[in-house]
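K.L.:
For reference, the file target01.txt (compact mmCIF, C-alpha atoms) is included below:
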# COMPACT_ATOMS: atom_id res chain seq x y z
CA MET A 1 -130.44 11.00 59.37
CA SER A 2 -133.87 9.67 58.34
CA VAL A 3 -135.69 12.06 60.68
CA PRO A 4 -135.12 15.82 61.13
CA ALA A 5 -132.39 17.05 63.46
CA GLY A 6 -133.67 17.55 67.00
CA THR A 7 -136.08 14.62 66.86
CA VAL A 8 -136.33 12.52 70.02
CA PRO A 9 -136.87 8.92 68.81
CA TRP A 10 -138.76 7.68 71.87
CA LEU A 11 -141.11 10.66 71.72
CA PHE A 12 -141.59 10.01 68.01
CA ASP A 13 -142.66 6.45 68.80
CA LEU A 14 -144.89 7.63 71.65
CA GLY A 15 -146.63 9.93 69.18
CA ARG A 16 -147.19 6.98 66.84
CA TRP A 17 -148.66 4.99 69.75
CA ILE A 18 -151.06 7.84 70.48
CA GLY A 19 -152.10 7.77 66.81
CA ARG A 20 -152.82 4.04 67.10
CA VAL A 21 -154.36 3.50 70.52
CA PRO A 22 -156.29 6.59 71.76
CA TYR A 23 -157.52 7.28 68.23
CA ALA A 24 -158.83 3.71 68.09
CA TRP A 25 -161.09 4.67 71.01
CA GLN A 26 -162.47 7.60 69.00
CA PHE A 27 -162.76 5.84 65.62
CA ARG A 28 -163.09 2.31 64.28
CA ILE A 29 -160.09 2.37 61.96
CA ARG A 30 -159.57 -0.16 59.16
CA VAL A 31 -156.33 -0.12 57.19
CA HIS A 32 -156.25 -1.75 53.75
CA GLY A 33 -153.11 -2.51 51.74
CA LEU A 34 -150.54 -2.20 54.51
CA ASP A 35 -148.28 -4.64 52.64
CA ARG A 36 -147.84 -2.00 49.91
CA VAL A 37 -145.75 0.26 52.15
CA PRO A 38 -142.06 0.11 51.11
CA LEU A 39 -140.13 -0.91 54.22
CA SER A 40 -136.94 0.88 53.24
CA GLY A 41 -135.77 3.80 51.13
CA GLY A 42 -137.10 7.31 50.69
CA VAL A 43 -140.88 7.57 50.36
CA VAL A 44 -143.18 10.55 49.86
CA VAL A 45 -146.58 9.73 51.35
CA VAL A 46 -149.38 11.76 49.75
CA ALA A 47 -152.84 11.68 51.31
CA ASN A 48 -156.15 13.47 50.95
CA HIS A 49 -157.11 15.82 53.76
CA SER A 50 -160.53 16.42 55.27
CA SER A 51 -159.99 16.52 59.03
CA MET A 52 -157.43 17.32 61.73
CA SER A 53 -157.61 13.62 62.62
CA ASP A 54 -156.14 12.44 59.29
CA GLY A 55 -152.53 13.18 60.22
CA PRO A 56 -152.49 11.43 63.62
CA ILE A 57 -154.35 8.42 62.19
CA LEU A 58 -151.81 7.98 59.39
CA PHE A 59 -148.95 8.74 61.76
CA GLY A 60 -149.97 5.77 63.88
CA ALA A 61 -151.19 3.44 61.14
CA LEU A 62 -148.08 3.23 58.98
CA PRO A 63 -145.28 0.79 59.90
CA ARG A 64 -142.53 3.40 59.43
CA ARG A 65 -141.74 6.70 61.11
CA VAL A 66 -143.34 9.43 59.00
CA THR A 67 -142.33 13.08 59.13
CA PHE A 68 -145.26 15.26 58.07
CA LEU A 69 -145.13 18.79 56.73
CA ILE A 70 -147.57 20.64 59.01
CA LYS A 71 -148.79 24.21 58.75
CA GLN A 72 -146.56 26.60 60.64
CA GLU A 73 -149.46 27.96 62.69
CA MET A 74 -149.48 24.72 64.69
CA PHE A 75 -145.92 25.25 65.93
CA LYS A 76 -146.66 27.48 68.91
CA GLY A 77 -146.08 26.93 72.61
CA VAL A 78 -145.95 23.45 74.08
CA VAL A 79 -147.69 21.86 71.08
CA GLY A 80 -145.15 23.33 68.69
CA HIS A 81 -142.26 22.15 70.85
CA LEU A 82 -143.65 18.61 70.95
CA LEU A 83 -144.30 18.55 67.21
CA ARG A 84 -140.64 19.30 66.57
CA LYS A 85 -139.52 16.67 69.07
CA ILE A 86 -141.62 14.02 67.31
CA GLY A 87 -139.96 14.86 63.99
CA GLN A 88 -142.54 17.05 62.29
CA ILE A 89 -141.66 19.96 59.98
CA PRO A 90 -143.38 23.38 59.99
CA VAL A 91 -144.26 24.72 56.55
CA LYS A 92 -145.55 28.10 55.43
CA ARG A 93 -148.73 27.71 53.41
CA GLY A 94 -149.33 29.56 50.18
CA GLU A 95 -145.68 29.92 49.25
CA ALA A 96 -142.62 27.87 48.34
CA ASP A 97 -141.10 27.33 51.79
CA ARG A 98 -137.50 26.51 50.89
CA THR A 99 -136.43 25.76 54.47
CA ALA A 100 -139.17 23.15 54.93
CA LEU A 101 -138.56 21.60 51.51
CA VAL A 102 -134.79 21.33 51.98
CA THR A 103 -135.28 19.73 55.41
CA ALA A 104 -137.76 17.24 53.96
CA GLN A 105 -135.45 16.54 51.02
CA SER A 106 -132.61 15.65 53.40
CA VAL A 107 -134.87 13.20 55.24
CA LEU A 108 -135.80 11.49 51.96
CA LYS A 109 -132.20 11.28 50.76
CA ALA A 110 -131.33 9.59 54.06
CA GLY A 111 -133.99 6.96 53.36
CA GLY A 112 -136.77 8.41 55.48
CA VAL A 113 -140.48 9.00 54.91
CA ILE A 114 -142.13 12.39 54.34
CA GLY A 115 -145.91 12.84 54.56
CA ILE A 116 -147.71 15.58 52.62
CA PHE A 117 -151.33 16.57 52.08
CA PRO A 118 -150.94 17.91 48.51
CA GLU A 119 -154.33 19.67 48.52
CA GLY A 120 -152.68 22.19 50.83
CA THR A 121 -155.65 22.58 53.17
CA ARG A 122 -158.58 20.64 54.59
CA GLY A 123 -161.73 20.20 52.52
CA GLU A 124 -163.90 17.34 51.33
CA GLY A 125 -160.76 15.37 50.51
CA ASP A 126 -161.58 14.52 46.89
CA VAL A 127 -158.22 15.89 45.61
CA ALA A 128 -159.65 18.23 42.98
CA SER A 129 -156.33 20.08 42.98
CA ALA A 130 -152.77 19.61 44.23
CA GLN A 131 -149.76 21.75 44.96
CA ASN A 132 -146.40 20.77 43.52
CA GLY A 133 -144.34 20.28 46.70
CA ALA A 134 -144.81 16.51 46.86
CA ALA A 135 -143.83 16.01 43.23
CA TRP A 136 -140.81 18.30 43.61
CA LEU A 137 -139.59 16.35 46.63
CA ALA A 138 -140.02 12.97 44.95
CA LYS A 139 -138.29 14.08 41.76
CA THR A 140 -135.34 15.82 43.41
CA SER A 141 -134.68 13.06 45.96
CA GLY A 142 -135.46 10.02 43.81
CA ALA A 143 -138.02 8.84 46.38
CA MET A 144 -141.07 6.76 45.57
CA VAL A 145 -144.56 8.20 45.94
CA LEU A 146 -147.07 6.31 48.08
CA PRO A 147 -150.71 7.46 47.72
CA ILE A 148 -153.01 6.94 50.70
CA ALA A 149 -156.75 7.63 50.84
CA CYS A 150 -158.51 8.29 54.15
CA ARG A 151 -162.28 8.45 54.50
CA GLY A 152 -164.67 8.74 57.44
CA THR A 153 -163.13 11.64 59.36
CA TYR A 154 -164.91 14.45 57.48
CA GLN A 155 -167.60 15.90 59.77
CA ALA A 156 -167.58 12.60 61.65
CA LYS A 157 -170.51 12.14 64.03
CA GLY A 158 -171.76 9.54 66.45
CA TRP A 159 -170.01 6.96 68.58
CA ARG A 160 -166.75 5.67 67.06
CA PRO A 161 -167.46 6.36 63.37
CA GLU A 162 -165.81 4.02 60.88
CA VAL A 163 -162.65 5.32 59.23
CA ASP A 164 -160.98 3.56 56.31
CA VAL A 165 -157.40 4.00 55.17
CA LEU A 166 -156.56 2.60 51.74
CA ILE A 167 -152.88 2.40 50.78
CA GLY A 168 -152.20 2.44 47.05
CA GLU A 169 -149.33 1.09 44.98
CA PRO A 170 -146.06 3.03 45.29
CA PHE A 171 -144.72 4.54 42.07
CA HIS A 172 -141.86 6.60 40.66
CA LEU A 173 -142.51 9.86 38.87
CA PRO A 174 -141.32 10.30 35.27
CA GLU A 175 -137.93 11.87 34.65
CA GLY A 176 -137.61 15.36 33.31
CA LYS A 177 -136.61 18.82 34.50
CA GLY A 178 -138.23 22.22 34.38
CA ARG A 179 -141.59 23.71 35.21
CA THR A 180 -143.48 21.72 32.57
CA ALA A 181 -142.11 18.39 33.82
CA LEU A 182 -142.97 19.35 37.40
CA GLY A 183 -146.51 20.21 36.32
CA VAL A 184 -146.89 16.82 34.64
CA ALA A 185 -145.57 15.05 37.74
CA THR A 186 -147.88 17.02 40.03
CA GLU A 187 -150.89 16.06 37.93
CA GLN A 188 -149.82 12.41 38.07
CA VAL A 189 -149.67 12.61 41.88
CA ARG A 190 -153.09 14.27 41.99
CA ASP A 191 -154.64 11.76 39.57
CA ARG A 192 -153.27 8.69 41.37
CA LEU A 193 -154.47 9.97 44.73
CA ALA A 194 -157.89 11.09 43.45
CA THR A 195 -158.37 7.69 41.78
CA LEU A 196 -157.51 5.94 45.04
CA VAL A 197 -159.98 8.12 46.97
CA ALA A 198 -162.70 7.24 44.44
CA GLU A 199 -161.83 3.54 44.85
CA LEU A 200 -162.18 3.82 48.62
CA ASP A 201 -165.48 5.68 48.25
CA GLY A 202 -166.74 2.82 46.08
CA LEU A 203 -165.64 0.27 48.66
CA ARG A 204 -167.41 2.11 51.47
CA MET A 205 -170.60 2.53 49.44
CA SER A 206 -170.66 -1.18 48.52
CA GLU A 207 -170.62 -1.92 52.24
CA GLY A 208 -173.43 0.56 52.93
CA ARG A 209 -171.16 3.22 54.39
CA ARG A 210 -170.37 6.75 53.19
Can the structure in the file be given as structure tokens, please?

P.N.:
Amino acid sequence: MSVPAGTVPWLFDLGRWIGRVPYAWQFRIRVHGLDRVPLSGGVVVVANHSSMSDGPILFGALPRRVTFLIKQEMFKGVVGHLLRKIGQIPVKRGEADRTALVTAQSVLKAGGVIGIFPEGTRGEGDVASAQNGAAWLAKTSGAMVLPIACRGTYQAKGWRPEVDVLIGEPFHLPEGKGRTALGVATEQVRDRLATLVAELDGLRMSEGRR
């Protein structure tokens, strides 16, 4: 199954619609490189993270159903129930959450898409560091990695601020086992994503935006 057990497909698609339409009222969203998204097979989406809006925007912008790993604190009450029904996975921050990783791994092996913010928390979104969960998932499942940069949501002000989403080229991580190989793969994920963020920053600056 390419989405977690318990997912309600129509609710999943309703959530994607919310990410596309209502968020388009709040932001002017431009997506670049949509043709780079693999339309089949397991994919680990890695994106920078600077706002609570990043996840819903990417959730709605991508042409495939994406299951994100979301901090466990969000899975409370009605919101938590809905997050599970739209295929999202709770993850404990600051530790290796085996339950979340195994669930995500099964989605990837079934040909699904997992979304991760490898920085581990919100910040300025420049990807100065990365945790190793995304690399571990890609290496153990054989999935491709798809880097995505998002800019314009950090401390966004004014009426419908401009948000840009830049999708990079998908890539496979190098083979190799053990902690050292995982460290190398994690740095490759971080470097590819940080480079893409810098490219998007350059594009926005050339157009007189920041």

K.L.:
Residues within 9 Å of Ala143 in chain A, please, as a ChimeraX atom specification. Count only C-alpha atoms; anything in the same chain fewer than 2 positions from it doesn't count.

P.N.:
/A:41-44,108-109,111,113,137-141,145,172-173

K.L.:
Give the answer as one residue: which of A:Asp54, A:Glu187, A:Glu119, A:Glu95 has the shortest atom-to-atom distance to Ala135 in chain A, using all atoms listed in the file?

P.N.:
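Closest residue, counting all atoms listed in the file: A:Glu187.
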
K.L.:
What is the distance between CA of Gly6 in chain A and CA of Trp136 in chain A, in Å to one decimal?

P.N.:
24.5 Å

K.L.:
Quick one: everything within 6 Å of Thr7 in chain A, counting all atoms listed in the file, minus sequence neighbours fewer than 2 positions away in the same chain. Send it as number ranges by chain.

P.N.:
A: 4-5, 85-87

K.L.:
Considering all atoms listed in the file, return as a list in words whatever protein or nucleic-acid residues lie within 8 Å of Gly15 in chain A, sequence-local ones (same chain, fewer than 2 positions apart) excluded.

P.N.:
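Residues meeting the cut-off are Leu11, Phe12, Asp13, Trp17, Ile18, Gly19, Phe59, Gly60 and Ile86 of chain A.
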
K.L.:
Find the residues around Gln88 in chain A up to 6 Å (all atoms listed in the file counted), leave out those fewer than 4 positions away in its own chain, and share them as a list in words.

P.N.:
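Residues near the query, excluding close chain neighbours: Thr67, Phe68, Leu83 and Arg84 of chain A.
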
K.L.:
Under the rule that only C-alpha atoms are counted, which of A:Asn48, A:Thr121, A:Ser2, A:Thr99 is the nearest residue to Lys71 in chain A?

P.N.:
A:Thr121

K.L.:
Any chance you could tabulate, as a tab-separated table, the residues of range 141-166 of chain A at most 12 Å from range 192-196 of chain A with each one's nearest atom pair and distance in Å to one decimal, using only C-alpha atoms, in chain and rising number order?

P.N.:
residue	atom	partner	partner_atom	distance
A:Val145	CA	A:Arg192	CA	9.8
A:Leu146	CA	A:Leu193	CA	8.9
A:Pro147	CA	A:Leu193	CA	5.4
A:Ile148	CA	A:Leu193	CA	6.9
A:Ala149	CA	A:Leu196	CA	6.1
A:Cys150	CA	A:Leu196	CA	9.5
A:Arg151	CA	A:Leu196	CA	10.9
A:Val165	CA	A:Leu196	CA	10.3
A:Leu166	CA	A:Leu196	CA	7.5

K.L.:
So, with all atoms listed in the file as the atoms that count, which of A:Gly33, A:Ala156, A:Gly77, A:Leu69 lies closest to Ser50 in chain A?

P.N.:
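So, comparing all the options, the nearest one is A:Ala156.
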
K.L.:
Can you list, as number ranges by chain, every protein, DNA or RNA residue that comes within 7 Å of Ala185 in chain A when you count all atoms listed in the file, leaving out same-chain residues fewer than 3 positions away?

P.N.:
A: 135, 173-174, 181-182, 188-189

K.L.:
I'd like to know which of A:Asp126, A:Gly168, A:Leu14, A:Thr186 is closest to Asp35 in chain A, using only C-alpha atoms.

P.N.:
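Closest residue, counting only C-alpha atoms: A:Gly168.
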
K.L.:
Interatomic distance between CA of Leu200 in chain A and CA of Arg30 in chain A?

P.N.:
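Straight-line distance from CA of Leu200 in chain A to CA of Arg30 in chain A works out to 11.6 Å.
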
K.L.:
Quick one: distance from CA of Arg20 in chain A to CA of Ala61 in chain A in Å, one decimal?

P.N.:
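Atom-to-atom, CA of Arg20 in chain A to CA of Ala61 in chain A, that is 6.2 Å.
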
K.L.:
Select, counting all atoms listed in the file, all protein, DNA and RNA residues no farther than 12 Å from (-138.5, 24.3, 54.7) in file coordinates, and express the selection as a list in words.

P.N.:
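Those residues, ordered by chain and then number, are Pro4, Phe68, Leu69, Ile70, Lys71, Gln72, Gln88, Ile89, Pro90, Val91, Lys92, Arg93, Glu95, Ala96, Asp97, Arg98, Thr99, Ala100, Leu101, Val102, Thr103, Ala104, Gln105, Ser106, Val107, Gly133 and Leu137 of chain A.
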
K.L.:
Counting only C-alpha atoms, which of A:Arg16, A:Ala110, A:Asp164, A:Val184 gets nearest to Gly202 in chain A?

P.N.:
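When distances to Gly202 in chain A are compared using only C-alpha atoms, the smallest one comes from A:Asp164.
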